[in-house]
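Undergrad: First, the structure itself, so that you have it in front of you.
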Amino acid sequence: MTMYKALTIAGSDSSGGAGIQADLKTFQERGVYGMTALTTIVAMDPSNGWSHSVFPIDVETLRAQLKTIIEGIGVQALKTGMLGSVEIIELAAETIDKHKIQNVVVDPVMVCKGEDEVLHPETAESLRDVLVPRAIVVTPNLFEAGQLSGIGTIRTIEQMQEAAVKIHELGAKYVLIKGGGKLQHEKAVDVLYDGKTFDILESDRIETTYTHGAGCTYSAAIAAELAKGQPVKEAILTAKAFITEAIRHSFPLNQYVGPTNHGAYRNYAEGKTEEAVNN
C-alpha cells in the first residue's frame, strides 16, 4: 500500500482546534501520513477572556525539523500556516526551492481568529513577496486577500475576483479566496482563479460561531488531496465538501471557542465532492 505523506509548517494550537493539530487530524481523515514542523506555540488564558500568548520557535530549531522530515523521509505535499517572522518565511521558501517541492499550499495566516489587524506588517509583506509566488494554491480569507492584493476591505464577489487577479499576478498558480461568514451572501462562496477562469464555489451557508480552525482545515484538506495526486481543482472541490461538513457538525469546547469537526465528512457525507459544491 502506498502511504502518501504531507508536511505542515505551522503553529501549535494548544486547544487542538487549529494549527498543526487541525492539519494532522485532516491529513489522517484524508488518508495521508502527516508530519509537522513547528513555528510557534500558542496558548490561551481562560482566566483572561481566552487571550492568546504566542511563543515563537527559533529558526534553527525549525531548520532541524525540516531536515528530519524532508531529507529523512520525504513528502508529496507541503502546506504552511502561521509562520510568525520574516526569517521563518524565508526558510520555508528556501526549503521549497532546495527540494523542488511542487505541491505547496500557502494559507497566508496574518492574525489569530477574531483579530482584524496585521500585527507585523513586515511578515505580511514577506508572505506576499516571498512565499505566495511559490504556491500552487494560496488560500486567503477576505481579510488576507485584501492585504495581499492591496485593495483593502472586500465585501462582494466582484471584489473577490479583483483581488484574485492581483494575487495571481504575484506568482501563485491558483488563488482560492474564501468568503466565509463575512461575505453577505445566501451561500458560502469561495472564488477560485487559475489565471484564466473564475470558478464560483458555493455550498450551504451554516450559521455558527464554531469555526475555529476552519482555514487550517480547508488548506490541509487541499494539501492532502494534492499529496495523493489529485488535480488541483478536484482537490479543492473535495476540500470544500470536507470543510462544509466539518463546520456543519462543529461544536463548542467552552464559552470561548468551538472547533470544526474533522470526522464529520467521513461520518456523515463520505463520497460527496462535486455534489456538495455548485461550480
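Here's how to read the names in the C-alpha cells: chain A, B, ... by the order shown, residue numbers from 1 in each chain, ligand numbers from 1 in the order shown.
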List the spatial neighbours of Thr211 in chain A as a PyMOL selection string - criterion: any atom at most 7 Å away, only C-alpha atoms, same-chain residues fewer than 5 positions off excluded.

TA: chain A and resi 247+258-260

Undergrad: As a PyMOL selection string, please: the residues near Leu253 in chain A (cut-off 10 Å, only C-alpha atoms, same-chain neighbours under 4 positions excluded).

TA: chain A and resi 15-17+210+257-259

Undergrad: Set the distance at 12 Å and use only C-alpha atoms: which residues neighbour Glu225 in chain A once local chain neighbours fewer than 3 positions away are removed? I'd like the list as an MDAnalysis selection string.

TA: chainID A and resid 4:6 26:33 76:79 103:105 218:222 228:240 242 273

Undergrad: Print the selection's residues with C-alpha atoms to a file, as a PDB file, in the first residue's frame.

TA:
```pdb
ATOM      1  CA  TYR A   4       1.224   9.440   0.838  1.00  0.00           C
ATOM      2  CA  LYS A   5       2.914  11.974   3.081  1.00  0.00           C
ATOM      3  CA  ALA A   6       2.298  15.649   3.762  1.00  0.00           C
ATOM      4  CA  THR A  26      -7.335  16.471   8.471  1.00  0.00           C
ATOM      5  CA  PHE A  27      -4.402  14.566   6.951  1.00  0.00           C
ATOM      6  CA  GLN A  28      -5.441  11.475   8.899  1.00  0.00           C
ATOM      7  CA  GLU A  29      -9.059  11.790   7.781  1.00  0.00           C
ATOM      8  CA  ARG A  30      -7.961  12.064   4.151  1.00  0.00           C
ATOM      9  CA  GLY A  31      -5.689   9.008   4.319  1.00  0.00           C
ATOM     10  CA  VAL A  32      -2.387  10.881   4.327  1.00  0.00           C
ATOM     11  CA  TYR A  33       0.518  10.477   6.740  1.00  0.00           C
ATOM     12  CA  GLN A  76       4.332  14.655  -1.617  1.00  0.00           C
ATOM     13  CA  ALA A  77       2.833  17.972  -0.450  1.00  0.00           C
ATOM     14  CA  LEU A  78       3.564  20.811   1.933  1.00  0.00           C
ATOM     15  CA  LYS A  79       1.305  23.407   3.487  1.00  0.00           C
ATOM     16  CA  ASN A 103       2.544  20.787  -4.220  1.00  0.00           C
ATOM     17  CA  VAL A 104       2.765  23.814  -1.940  1.00  0.00           C
ATOM     18  CA  VAL A 105      -0.403  25.161  -0.313  1.00  0.00           C
ATOM     19  CA  TYR A 218      -9.582  23.677   4.448  1.00  0.00           C
ATOM     20  CA  SER A 219      -5.997  24.225   3.302  1.00  0.00           C
ATOM     21  CA  ALA A 220      -4.827  20.979   4.918  1.00  0.00           C
ATOM     22  CA  ALA A 221      -7.523  19.047   3.052  1.00  0.00           C
ATOM     23  CA  ILE A 222      -6.326  20.576  -0.224  1.00  0.00           C
ATOM     24  CA  LYS A 228      -2.472  11.758  -3.288  1.00  0.00           C
ATOM     25  CA  GLY A 229      -2.067  13.016  -6.839  1.00  0.00           C
ATOM     26  CA  GLN A 230      -5.435  14.711  -7.335  1.00  0.00           C
ATOM     27  CA  PRO A 231      -5.584  17.580  -9.839  1.00  0.00           C
ATOM     28  CA  VAL A 232      -5.837  20.985  -8.198  1.00  0.00           C
ATOM     29  CA  LYS A 233      -9.499  21.736  -8.926  1.00  0.00           C
ATOM     30  CA  GLU A 234     -10.629  18.265  -7.835  1.00  0.00           C
ATOM     31  CA  ALA A 235      -8.559  18.613  -4.660  1.00  0.00           C
ATOM     32  CA  ILE A 236     -10.236  21.925  -3.884  1.00  0.00           C
ATOM     33  CA  LEU A 237     -13.743  20.560  -4.522  1.00  0.00           C
ATOM     34  CA  THR A 238     -13.101  17.673  -2.148  1.00  0.00           C
ATOM     35  CA  ALA A 239     -11.664  20.034   0.448  1.00  0.00           C
ATOM     36  CA  LYS A 240     -14.677  22.350   0.099  1.00  0.00           C
ATOM     37  CA  PHE A 242     -14.824  18.327   3.690  1.00  0.00           C
ATOM     38  CA  THR A 273     -17.430  16.064  -3.548  1.00  0.00           C
TER      39      THR A 273
END
```

Undergrad: Just the number, please: distance in Å from CA of Met160 in chain A to CA of Ile177 in chain A, one decimal.

TA: 6.7 Å

Undergrad: Identify, on the basis of only C-alpha atoms, every residue whose closest approach to range 191-198 of chain A does not exceed 12 Å; exclude the query and any residue fewer than 5 positions from it along the same chain; express the result as JSON, numbers by chain.

TA: {"A": [136, 137, 138, 139, 140, 141, 142, 145, 156, 157, 158, 159, 160, 161, 162, 163, 164, 165, 166, 167, 168, 169, 170, 171, 172, 173, 174, 175, 176, 177, 178, 179, 180, 183, 203, 232, 233, 234, 236, 237, 240, 278, 279]}

Undergrad: Looking at only C-alpha atoms, which of A:Ala64, A:Ala188, A:Ala135, A:Met44 is the one that sits closest to Glu202 in chain A?

TA: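 Answer, going by the shortest atom-to-atom distance: A:Ala188.
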
Undergrad: Give the answer as one residue: which of A:Asn48, A:Gln102, A:Gln65, A:Ser250 has the shortest atom-to-atom distance to Pro133 in chain A, using only C-alpha atoms?

TA: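 Closest candidate: A:Gln102.
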
Undergrad: Write out as an NGL selection string all residues of range 176-260 of chain A that backbone DSSP assigns to strand (DSSP E).

TA: :A and (176-178 or 187-193 or 198-204)

Undergrad: What is the distance between CA of Val59 in chain A and CA of Ala214 in chain A, in Å to one decimal?

TA: 26.9 Å

Undergrad: Show me, as JSON, numbers by chain, the residues that have an atom within 12 Å of Asp58 in chain A when counting only C-alpha atoms, minus same-chain residues fewer than 3 positions from it.

TA: {"A": [37, 38, 39, 40, 41, 55, 61, 62, 63, 64, 65, 83, 84, 85, 86, 87, 88, 91]}

Undergrad: Can you list, as a list of chain:residue names, every residue of range 38-113 of chain A that DSSP puts in helix (DSSP H, G or I)?

TA: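 Those in range 38-113 of chain A that DSSP calls helix (DSSP H, G or I) are A:Val59, A:Glu60, A:Thr61, A:Leu62, A:Arg63, A:Ala64, A:Gln65, A:Leu66, A:Lys67, A:Thr68, A:Ile69, A:Ile70, A:Glu71, A:Val86, A:Glu87, A:Ile88, A:Ile89, A:Glu90, A:Leu91, A:Ala92, A:Ala93, A:Glu94, A:Thr95, A:Ile96, A:Asp97, A:Lys98.
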